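Pasted below: target_5.cif, mmCIF, C-alpha atoms.
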```cif
data_start
#
loop_
_atom_site.label_atom_id
_atom_site.label_comp_id
_atom_site.auth_asym_id
_atom_site.auth_seq_id
_atom_site.Cartn_x
_atom_site.Cartn_y
_atom_site.Cartn_z
CA MET A 1 -72.16 0.05 63.42
CA ARG A 2 -69.28 1.36 65.54
CA ALA A 3 -67.29 2.11 62.42
CA VAL A 4 -70.20 4.12 60.99
CA LEU A 5 -70.57 6.08 64.22
CA ALA A 6 -66.83 6.74 64.36
CA PHE A 7 -66.87 7.93 60.76
CA MET A 8 -69.82 10.26 61.46
CA PHE A 9 -68.04 11.60 64.54
CA LEU A 10 -64.94 12.31 62.50
CA LEU A 11 -67.04 13.94 59.80
CA VAL A 12 -68.80 16.22 62.29
CA GLY A 13 -65.44 17.05 63.88
CA ALA A 14 -63.89 17.90 60.55
CA THR A 15 -66.86 20.08 59.58
CA SER A 16 -66.74 22.06 62.82
CA LEU A 17 -62.97 22.44 62.50
CA SER A 18 -63.26 23.80 58.99
CA ALA A 19 -65.80 26.41 60.17
CA GLN A 20 -63.69 27.49 63.15
CA THR A 21 -62.77 31.16 63.13
CA THR A 22 -59.67 32.91 64.38
CA PRO A 23 -59.03 36.65 64.65
CA ARG A 24 -56.88 38.00 61.83
CA VAL A 25 -55.69 41.57 61.28
CA TYR A 26 -55.75 43.39 57.96
CA VAL A 27 -55.21 46.82 56.47
CA ILE A 28 -58.09 46.99 54.06
CA PRO A 29 -59.69 49.63 51.79
CA THR A 30 -63.16 51.02 52.33
CA THR A 31 -66.39 50.57 50.43
CA GLY A 32 -69.81 52.21 50.81
CA THR A 33 -71.13 55.74 50.36
CA GLY A 34 -71.86 56.57 54.00
CA THR A 35 -75.62 56.89 53.40
CA PRO A 36 -77.24 56.72 56.86
CA PHE A 37 -78.52 53.26 57.89
CA VAL A 38 -78.39 51.91 54.33
CA ASP A 39 -74.84 52.01 53.00
CA PRO A 40 -72.25 52.89 55.66
CA ILE A 41 -68.60 53.26 54.82
CA ARG A 42 -67.16 49.90 55.87
CA PRO A 43 -64.22 47.57 55.25
CA LYS A 44 -64.22 46.16 51.73
CA TYR A 45 -64.40 42.40 51.03
CA LEU A 46 -65.55 41.31 54.52
CA GLN A 47 -69.29 41.06 53.83
CA GLU A 48 -68.66 39.36 50.49
CA ALA A 49 -66.49 36.79 52.26
CA GLY A 50 -69.29 36.11 54.78
CA VAL A 51 -67.39 37.38 57.83
CA VAL A 52 -69.69 37.30 60.86
CA ARG A 53 -67.82 39.68 63.19
CA SER A 54 -65.24 42.38 62.61
CA ALA A 55 -64.03 45.66 64.06
CA GLY A 56 -61.69 48.28 62.76
CA LEU A 57 -59.91 51.55 63.25
CA TYR A 58 -61.00 53.91 60.49
CA MET A 59 -58.24 55.86 58.76
CA GLN A 60 -60.30 58.53 57.05
CA ALA A 61 -57.45 60.35 55.31
CA GLN A 62 -55.99 57.11 53.99
CA GLY A 63 -59.34 55.56 52.97
CA ARG A 64 -58.39 52.41 54.88
CA TYR A 65 -59.29 50.40 57.98
CA LEU A 66 -57.02 48.57 60.36
CA VAL A 67 -59.36 45.63 60.89
CA VAL A 68 -59.65 42.67 63.24
CA ALA A 69 -61.96 40.02 61.74
CA ASP A 70 -63.00 36.59 62.96
CA VAL A 71 -62.38 34.51 59.85
CA THR A 72 -62.26 30.91 58.73
CA ALA A 73 -59.26 29.71 56.76
CA ALA A 74 -61.27 29.99 53.55
CA GLN A 75 -62.45 33.52 54.38
CA HIS A 76 -58.90 34.58 55.17
CA ALA A 77 -57.66 33.18 51.88
CA SER A 78 -60.41 35.03 50.02
CA ILE A 79 -59.73 38.36 51.73
CA ALA A 80 -55.93 38.18 51.63
CA ALA A 81 -55.98 37.34 47.92
CA ASN A 82 -56.99 40.90 47.09
CA GLY A 83 -54.06 42.99 45.95
CA ASP A 84 -55.09 46.04 47.99
CA VAL A 85 -55.23 44.11 51.29
CA ALA A 86 -52.28 43.73 53.66
CA ALA A 87 -52.63 40.81 56.08
CA PHE A 88 -50.78 40.56 59.35
CA PRO A 89 -49.43 37.13 60.35
CA ALA A 90 -51.73 34.91 62.42
CA ASN A 91 -49.15 34.90 65.22
CA LEU A 92 -48.95 38.52 66.37
CA GLN A 93 -46.24 37.58 68.86
CA ALA A 94 -43.88 36.78 65.97
CA GLN A 95 -41.06 39.25 65.46
CA VAL A 96 -40.94 41.39 62.34
CA GLY A 97 -37.44 40.02 61.59
CA ALA A 98 -36.58 39.85 57.91
CA ASN A 99 -39.80 41.71 56.96
CA LEU A 100 -38.56 44.91 58.57
CA ALA A 101 -38.10 46.94 55.39
CA THR A 102 -41.50 45.89 54.05
CA VAL A 103 -43.29 46.73 57.30
CA GLN A 104 -41.61 50.13 57.55
CA ALA A 105 -42.43 50.94 53.92
CA GLN A 106 -46.08 49.91 54.31
CA LEU A 107 -46.49 52.09 57.39
CA GLU A 108 -44.95 55.10 55.67
CA ALA A 109 -47.20 54.52 52.65
CA LEU A 110 -50.16 54.91 55.05
CA ASN A 111 -48.73 58.18 56.39
CA LEU A 112 -47.89 56.44 59.66
CA PRO A 113 -44.33 56.69 61.05
CA GLY A 114 -42.41 53.50 60.23
CA ALA A 115 -38.77 54.15 61.10
CA TRP A 116 -39.30 53.34 64.78
CA VAL A 117 -40.04 49.68 63.98
CA GLN A 118 -37.11 47.32 64.59
CA ALA A 119 -36.65 43.69 63.58
CA THR A 120 -37.07 42.63 67.22
CA HIS A 121 -40.49 44.23 67.54
CA THR A 122 -43.45 41.85 67.51
CA TYR A 123 -46.34 42.43 65.13
CA ARG A 124 -48.51 43.15 68.15
CA GLN A 125 -46.15 45.98 69.10
CA VAL A 126 -46.31 47.29 65.53
CA LEU A 127 -50.12 47.18 65.69
CA PHE A 128 -50.11 49.06 68.98
CA GLY A 129 -47.84 51.71 67.46
CA MET A 130 -50.10 51.99 64.41
CA ALA A 131 -53.34 52.12 66.40
CA THR A 132 -52.18 54.85 68.75
CA VAL A 133 -51.02 57.07 65.88
CA ILE A 134 -54.35 56.43 64.14
CA HIS A 135 -56.07 57.61 67.32
CA ILE A 136 -54.09 60.86 67.22
CA GLN A 137 -55.00 61.38 63.57
CA GLN A 138 -58.67 60.56 64.28
CA ARG A 139 -58.87 63.07 67.12
CA TYR A 140 -57.20 65.76 64.99
CA ALA A 141 -59.66 65.18 62.15
CA GLY A 142 -62.67 64.88 64.49
CA ALA A 143 -61.87 67.97 66.51
CA THR A 144 -60.80 70.20 63.64
CA SER A 145 -62.56 68.79 60.53
CA ASP A 146 -59.09 68.87 58.99
CA TYR A 147 -56.21 66.46 58.39
CA LEU A 148 -52.83 66.84 60.07
CA LEU A 149 -50.99 65.55 56.99
CA GLY A 150 -51.55 66.88 53.48
CA ALA A 151 -51.46 70.33 51.87
CA GLY A 152 -47.66 70.36 51.97
CA ILE A 153 -47.29 68.83 55.44
CA THR A 154 -45.61 65.40 55.51
CA LEU A 155 -44.20 63.17 58.23
CA ASN A 156 -40.84 64.89 57.63
CA SER A 157 -42.21 68.41 58.10
CA THR A 158 -41.44 70.09 61.41
CA VAL A 159 -43.74 71.74 63.90
CA GLY A 160 -42.27 75.01 62.66
CA ASP A 161 -43.68 74.24 59.20
CA LEU A 162 -47.24 74.22 60.60
CA THR A 163 -49.33 77.36 60.67
CA VAL A 164 -50.12 78.81 64.06
CA ALA A 165 -53.68 77.54 63.68
CA GLN A 166 -52.43 74.01 62.96
CA ARG A 167 -50.10 74.14 65.96
CA ASN A 168 -52.98 75.20 68.14
CA LYS A 169 -55.08 72.32 66.83
CA LEU A 170 -52.25 69.89 67.58
CA GLN A 171 -51.93 71.34 71.05
CA ALA A 172 -55.67 70.91 71.59
CA VAL A 173 -55.46 67.26 70.52
CA ALA A 174 -52.63 66.68 73.00
CA ALA A 175 -54.61 68.38 75.76
CA SER A 176 -57.68 66.24 75.06
CA PHE A 177 -55.57 63.12 75.68
CA GLN A 178 -53.67 64.76 78.58
CA ILE A 179 -50.41 64.26 76.65
CA ASP A 180 -47.17 65.82 77.90
CA THR A 181 -45.81 67.95 75.03
CA SER A 182 -42.79 69.36 76.86
CA SER A 183 -40.32 67.54 74.57
CA VAL A 184 -41.87 69.02 71.40
CA THR A 185 -40.15 72.05 69.85
CA LEU A 186 -40.44 73.89 66.54
CA SER A 187 -37.73 71.63 65.07
CA THR A 188 -39.50 68.40 66.06
CA THR A 189 -40.70 66.51 62.99
CA ILE A 190 -44.32 65.46 62.63
CA ARG A 191 -43.27 61.79 62.70
CA GLN A 192 -41.55 62.46 66.04
CA VAL A 193 -44.58 64.34 67.36
CA LEU A 194 -46.89 61.45 66.44
CA ARG A 195 -44.63 58.97 68.20
CA VAL A 196 -44.25 61.17 71.29
CA PHE A 197 -48.04 61.51 71.49
CA ALA A 198 -48.77 57.87 70.65
CA GLN A 199 -46.38 56.51 73.25
CA GLN A 200 -48.47 58.20 75.94
CA LEU A 201 -51.74 56.53 74.92
CA PRO A 202 -52.98 53.42 76.73
CA PRO A 203 -53.32 49.88 75.32
CA MET A 204 -56.60 49.05 73.63
CA ARG A 205 -58.71 46.03 72.79
CA ILE A 206 -60.50 45.46 69.49
CA LEU A 207 -62.87 42.51 69.55
CA ASP A 208 -60.82 39.85 71.33
CA GLU A 209 -57.43 41.16 70.23
CA ALA A 210 -55.25 43.23 72.56
CA PHE A 211 -53.25 46.05 70.98
CA ASP A 212 -50.52 46.64 73.51
CA ALA A 213 -46.75 46.83 73.95
CA GLN A 214 -46.27 43.11 74.67
CA MET B 1 -89.36 37.67 111.50
CA ARG B 2 -87.74 41.00 112.32
CA ARG B 3 -84.42 39.79 110.86
CA ARG B 4 -86.15 38.79 107.62
CA LEU B 5 -87.77 42.20 107.44
CA ILE B 6 -84.41 43.93 107.92
CA VAL B 7 -82.78 41.76 105.24
CA CYS B 8 -85.64 42.58 102.85
CA LEU B 9 -85.32 46.30 103.56
CA VAL B 10 -81.54 46.22 103.01
CA LEU B 11 -81.99 44.38 99.72
CA LEU B 12 -84.65 46.83 98.59
CA PHE B 13 -82.36 49.75 99.52
CA CYS B 14 -79.48 48.27 97.50
CA VAL B 15 -81.64 47.74 94.41
CA ALA B 16 -83.06 51.24 94.73
CA THR B 17 -79.59 52.73 95.13
CA VAL B 18 -78.27 50.99 92.03
CA THR B 19 -81.26 52.12 90.01
CA VAL B 20 -81.17 55.71 91.20
CA TRP B 21 -77.48 56.47 90.76
CA ALA B 22 -77.06 54.49 87.57
CA ALA B 23 -79.24 56.60 85.35
CA ARG B 24 -79.01 60.37 85.06
CA PHE B 25 -81.79 60.47 82.52
CA LEU B 26 -84.81 58.20 82.16
CA ASP B 27 -87.73 58.45 79.78
CA ASP B 28 -90.48 55.84 79.55
CA PHE B 29 -92.40 57.99 77.02
CA THR B 30 -95.64 57.52 78.97
CA ARG B 31 -97.46 60.58 77.72
CA ALA B 32 -99.79 61.70 74.98
CA ASP B 33 -99.07 60.83 71.37
CA ASN B 34 -96.89 63.50 69.79
CA THR B 35 -94.80 64.13 66.67
CA ASP B 36 -91.65 64.71 68.71
CA LEU B 37 -90.30 63.50 72.04
CA GLY B 38 -90.99 66.67 74.02
CA ALA B 39 -89.20 69.33 76.05
CA SER B 40 -86.28 67.20 77.28
CA TRP B 41 -85.33 66.33 73.72
CA ASP B 42 -84.02 68.22 70.68
CA ALA B 43 -84.79 67.39 67.06
CA GLY B 44 -83.66 69.56 64.15
CA TYR B 45 -80.81 67.43 62.82
CA THR B 46 -79.84 68.01 59.21
CA GLY B 47 -81.66 65.59 56.93
CA ALA B 48 -83.46 63.88 59.82
CA GLN B 49 -87.05 63.90 61.01
CA SER B 50 -88.09 64.00 64.65
CA LEU B 51 -89.16 60.83 66.42
CA GLN B 52 -92.81 60.38 67.39
CA ILE B 53 -94.63 58.94 70.41
CA VAL B 54 -97.53 56.59 69.66
CA GLY B 55 -99.16 54.54 72.42
CA ASN B 56 -96.42 55.43 74.93
CA GLU B 57 -93.73 54.09 72.63
CA VAL B 58 -91.31 55.71 70.17
CA ARG B 59 -91.37 55.27 66.39
CA PRO B 60 -89.73 56.96 63.42
CA LEU B 61 -91.87 59.81 62.14
CA LEU B 62 -91.57 58.70 58.51
CA ALA B 63 -90.32 55.61 56.68
CA ASP B 64 -87.57 55.41 54.04
CA PRO B 65 -86.08 57.54 52.58
CA ASP B 66 -86.53 59.46 55.83
CA PHE B 67 -85.07 58.60 59.22
CA SER B 68 -85.52 60.10 62.68
CA HIS B 69 -83.04 61.44 65.22
CA GLU B 70 -83.34 63.31 68.55
CA THR B 71 -81.01 63.93 71.51
CA VAL B 72 -81.44 64.69 75.19
CA ASN B 73 -80.81 68.39 75.68
CA THR B 74 -78.93 68.22 78.97
CA SER B 75 -75.15 67.94 79.10
CA PHE B 76 -73.42 64.71 80.04
CA GLY B 77 -69.84 63.87 81.01
CA ASN B 78 -67.67 62.38 78.28
CA ASP B 79 -67.97 58.73 79.35
CA GLN B 80 -71.55 57.69 78.65
CA ARG B 81 -73.94 54.77 78.61
CA ALA B 82 -77.29 54.88 76.82
CA SER B 83 -79.89 52.16 76.70
CA LEU B 84 -83.22 51.48 75.03
CA THR B 85 -85.68 48.60 74.90
CA ILE B 86 -87.05 47.28 71.63
CA ARG B 87 -90.84 46.94 71.67
CA THR B 88 -91.63 46.09 68.03
CA PHE B 89 -89.18 44.84 65.39
CA THR B 90 -91.11 43.28 62.52
CA GLY B 91 -91.94 43.57 58.83
CA ALA B 92 -90.26 42.61 55.59
CA GLY B 93 -88.04 45.67 55.31
CA THR B 94 -85.01 46.96 57.16
CA ASP B 95 -85.47 48.25 60.72
CA VAL B 96 -82.79 50.06 62.72
CA ALA B 97 -83.02 51.20 66.34
CA ALA B 98 -79.98 53.04 67.67
CA ALA B 99 -78.76 54.50 70.97
CA HIS B 100 -76.40 57.46 70.55
CA VAL B 101 -73.51 58.66 72.70
CA ARG B 102 -71.28 61.75 72.31
CA ASN B 103 -73.86 63.25 69.97
CA ALA B 104 -73.34 66.82 68.81
CA ALA B 105 -76.13 69.33 69.41
CA PRO B 106 -78.40 70.04 66.42
CA ALA B 107 -78.06 70.52 63.57
CA THR B 108 -74.87 68.55 62.77
CA ARG B 109 -75.34 64.78 62.82
CA THR B 110 -72.10 63.74 64.52
CA ALA B 111 -72.09 60.95 67.12
CA TYR B 112 -71.29 57.37 67.92
CA TYR B 113 -74.26 55.05 67.80
CA CYS B 114 -74.96 51.41 68.58
CA ALA B 115 -77.61 49.88 66.35
CA ALA B 116 -79.86 46.84 66.42
CA LYS B 117 -80.74 45.92 62.84
CA ARG B 118 -82.94 43.48 61.01
CA ASN B 119 -83.06 42.76 57.28
CA GLY B 120 -80.12 45.12 56.89
CA ALA B 121 -77.64 45.33 54.03
CA GLY B 122 -75.01 42.62 54.18
CA GLY B 123 -76.97 40.79 56.87
CA VAL B 124 -75.61 43.08 59.59
CA THR B 125 -77.59 42.68 62.84
CA SER B 126 -75.55 44.76 65.31
CA GLU B 127 -73.23 47.64 64.57
CA ILE B 128 -71.30 50.48 66.18
CA VAL B 129 -71.17 53.45 63.84
CA GLU B 130 -69.23 56.70 63.82
CA LEU B 131 -71.55 59.30 62.39
CA THR B 132 -69.62 62.31 61.07
CA ALA B 133 -71.56 65.25 59.65
CA GLY B 134 -74.26 62.91 58.37
CA THR B 135 -71.97 60.19 57.02
CA ASP B 136 -72.18 56.69 58.55
CA VAL B 137 -68.86 54.91 59.11
CA SER B 138 -69.11 51.35 60.41
CA LEU B 139 -66.58 50.70 63.17
CA THR B 140 -67.62 47.16 64.07
CA SER B 141 -70.46 44.83 63.12
CA GLU B 142 -71.76 41.30 63.41
CA THR B 143 -74.36 39.25 61.56
CA SER B 144 -75.48 36.60 64.03
CA THR B 145 -77.98 38.22 66.41
CA THR B 146 -81.76 38.16 66.02
CA TRP B 147 -83.07 41.21 67.86
CA ALA B 148 -86.64 40.92 69.13
CA ALA B 149 -89.27 42.69 71.20
CA GLY B 150 -88.16 43.01 74.82
CA ASP B 151 -84.44 43.07 74.03
CA GLN B 152 -82.41 45.85 75.58
CA LEU B 153 -79.63 47.57 73.61
CA ILE B 154 -76.85 49.30 75.56
CA CYS B 155 -74.25 51.60 74.04
CA GLU B 156 -71.19 52.60 76.02
CA VAL B 157 -68.27 54.95 75.39
CA GLN B 158 -65.40 55.17 77.86
CA GLY B 159 -62.32 57.09 76.79
CA THR B 160 -61.74 55.76 73.29
CA ALA B 161 -63.43 52.40 73.97
CA LEU B 162 -66.86 51.69 72.46
CA ARG B 163 -69.06 48.74 73.46
CA LEU B 164 -72.42 47.37 72.39
CA PHE B 165 -74.31 45.09 74.79
CA ARG B 166 -77.55 43.18 74.41
CA ILE B 167 -79.81 41.99 77.19
CA PRO B 168 -82.24 39.53 75.61
CA SER B 169 -85.72 39.61 77.06
CA GLY B 170 -85.48 37.68 80.33
CA GLY B 171 -81.77 36.98 79.79
CA SER B 172 -78.38 38.25 80.87
CA GLN B 173 -76.22 40.99 79.44
CA VAL B 174 -73.91 39.98 76.59
CA LEU B 175 -71.11 42.07 75.09
CA LEU B 176 -71.64 41.74 71.33
CA LEU B 177 -69.16 44.25 69.94
CA SER B 178 -66.25 46.38 71.10
CA THR B 179 -63.78 48.63 69.35
CA THR B 180 -62.00 51.94 69.76
CA ASP B 181 -62.16 55.34 68.08
CA ALA B 182 -60.83 58.74 69.05
CA SER B 183 -62.68 61.06 66.66
CA ILE B 184 -65.41 62.34 68.99
CA ALA B 185 -64.52 63.49 72.48
CA SER B 186 -67.82 64.72 73.92
CA GLY B 187 -71.54 65.24 73.32
CA ARG B 188 -75.05 64.21 74.26
CA VAL B 189 -77.04 60.97 74.35
CA GLY B 190 -79.88 60.25 71.96
CA ILE B 191 -81.87 57.98 69.70
CA SER B 192 -82.16 57.43 65.98
CA MET B 193 -84.49 55.10 64.10
CA TYR B 194 -84.97 54.01 60.52
CA THR B 195 -87.56 51.78 58.92
CA ALA B 196 -87.84 50.87 55.26
CA ASN B 197 -91.57 50.24 55.01
CA THR B 198 -93.96 50.90 57.90
CA VAL B 199 -93.09 53.00 60.93
CA ALA B 200 -95.22 50.79 63.21
CA ASP B 201 -92.78 47.93 62.45
CA ASN B 202 -90.10 49.59 64.56
CA GLU B 203 -90.84 50.78 68.12
CA ILE B 204 -88.68 51.33 71.20
CA ASP B 205 -89.30 52.31 74.82
CA ASN B 206 -87.54 53.10 78.11
CA PHE B 207 -84.52 55.20 77.16
CA ALA B 208 -82.00 55.49 79.99
CA ALA B 209 -78.60 57.17 80.12
CA THR B 210 -75.80 57.92 82.53
CA ASP B 211 -72.33 59.40 82.57
CA ASN B 212 -71.36 57.44 85.67
CA LEU B 213 -69.70 54.25 84.44
CA SER B 214 -68.10 53.38 87.75
CA GLY B 215 -70.58 50.56 88.31
CA ALA B 216 -71.02 47.40 86.28
CA SER B 217 -72.82 47.77 82.99
CA MET B 218 -75.51 45.54 84.45
CA SER B 219 -76.64 48.51 86.52
CA LEU B 220 -79.00 49.66 83.81
CA THR B 221 -80.78 46.33 83.82
CA GLY B 222 -84.25 46.67 85.15
CA ILE B 223 -84.58 50.39 84.74
CA GLY B 224 -87.88 51.28 83.25
CA GLN B 225 -88.79 47.64 82.63
#
```

This structure in structure tokens:
Amino acid sequence: MRAVLAFMFLLVGATSLSAQTTPRVYVIPTTGTGTPFVDPIRPKYLQEAGVVRSAGLYMQAQGRYLVVADVTAAQHASIAANGDVAAFPANLQAQVGANLATVQAQLEALNLPGAWVQATHTYRQVLFGMATVIHIQQRYAGATSDYLLGAGITLNSTVGDLTVAQRNKLQAVAASFQIDTSSVTLSTTIRQVLRVFAQQLPPMRILDEAFDAQ
Amino acid sequence: MRRRLIVCLVLLFCVATVTVWAARFLDDFTRADNTDLGASWDAGYTGAQSLQIVGNEVRPLLADPDFSHETVNTSFGNDQRASLTIRTFTGAGTDVAAAHVRNAAPATRTAYYCAAKRNGAGGVTSEIVELTAGTDVSLTSETSTTWAAGDQLICEVQGTALRLFRIPSGGSQVLLLSTTDASIASGRVGISMYTANTVADNEIDNFAATDNLSGASMSLTGIGQ
């Protein structure tokens, strides 16, 4: 009798362990048409995997989300198996280390500055750097119905390459966040501008995950 | 006896103070049936119908493929909290009741909104959405809440932080979802509703809003109940 009870206890324990979720971070493409209430633009693969709770930063120009999702091991395996998904390590306090070149290249591919990342940075610090630049790009797009990058403007362009109208829009974005722009000149590159702006933004929390400089 | 009376009066004063300062706008919709929400509200959003009042409660004007959307036509500070109470949430089809913050004036449908959903696509039951020129972009969602009559939905925006709370009927406030977005910096508060089949399946009441977030989010509890 005791053996049966012990076995059932173990079975229940194993079942609950297998269903346990942990927050994982992904860069993931979008799906959905944006039709109100019926088919919103949303992160791809999460609903199909049965994810119960997720939150993301929307990168409109890149057609991607930076997503935090509460996932089981099986859900994570299913999501990460997709070739267009980049998964961050489970331990965000781990240092980038030998993955430095890959991390930098993936950021640049998303039109996010990558050269600032060093091997000693933790993935949480990388996420914080990404999220703050995404915020700058979101505000620019939201306030101006335009993208900062594109139409000949890259991360390597300078402020002097922008039209006067674009410079004014950038100035308005900085003002809306109360960002000090005194170090920005006409020869400052866009990647430098984004970092200068982003470094003045506060930490943030998405679901239960802190995006900060720790 | 006198001491008890004083204690009671102090308590009453505190409750009244919390209620009064917490909400800058309150509407319990206790007035005649109408096909829009009245003088304090603006309809006229592109592609959207007005909301209607029936029996002192608010419903969509028309069912799918239509949806309804109105905003309060007074200005609010940039940090906002909006709340509504679900009165009816039934039927076989999808129902959505949403509280809006930082909503543009008509006619452009741009806002953040927090939605209670039932029978929605993908099983989503709660969602914070960035609405940009009529396009819905999901920022965060969950699939585990069963919204019911009497539940209160609270939507909050503070800086770039967005939060969705639920107060179940007779229960305590729970933070269901939180995320961040920087696209929309300012705007109004409002309501949108969608129902797939029958407009009477989806009714809300007691809309409250404030731009003073210095108190606890609980401060809206009890308003208009």

Students should find that atom CA of A:Thr122 and atom CA of A:Ile206 are spaced 17.5 Å

- [ ] For chain A, work out the contacting residues on chain B at 6 Å, counting all atoms listed in the file, and write them as a ChimeraX atom specification.
- [x] /B:122,135-143,178-179,182-184

| task | Can you give me, as a ChimeraX atom specification, the residues this file yields under the PyMOL selection byres ((chain A and resi 152-162) around 8)? | result | /A:111-113,148-151,163-167,185-191

Coordinates-based distance that separates atom CA of B:Phe67 from atom CA of B:Ile191 (Å, one decimal):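 These atoms are spaced 11.0 Å apart.
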
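Here the question is which of A:Ile28, A:Ala90, A:Val117, A:Ala61 gets nearest to A:Thr102 using all atoms listed in the file, and that residue is A:Val117.
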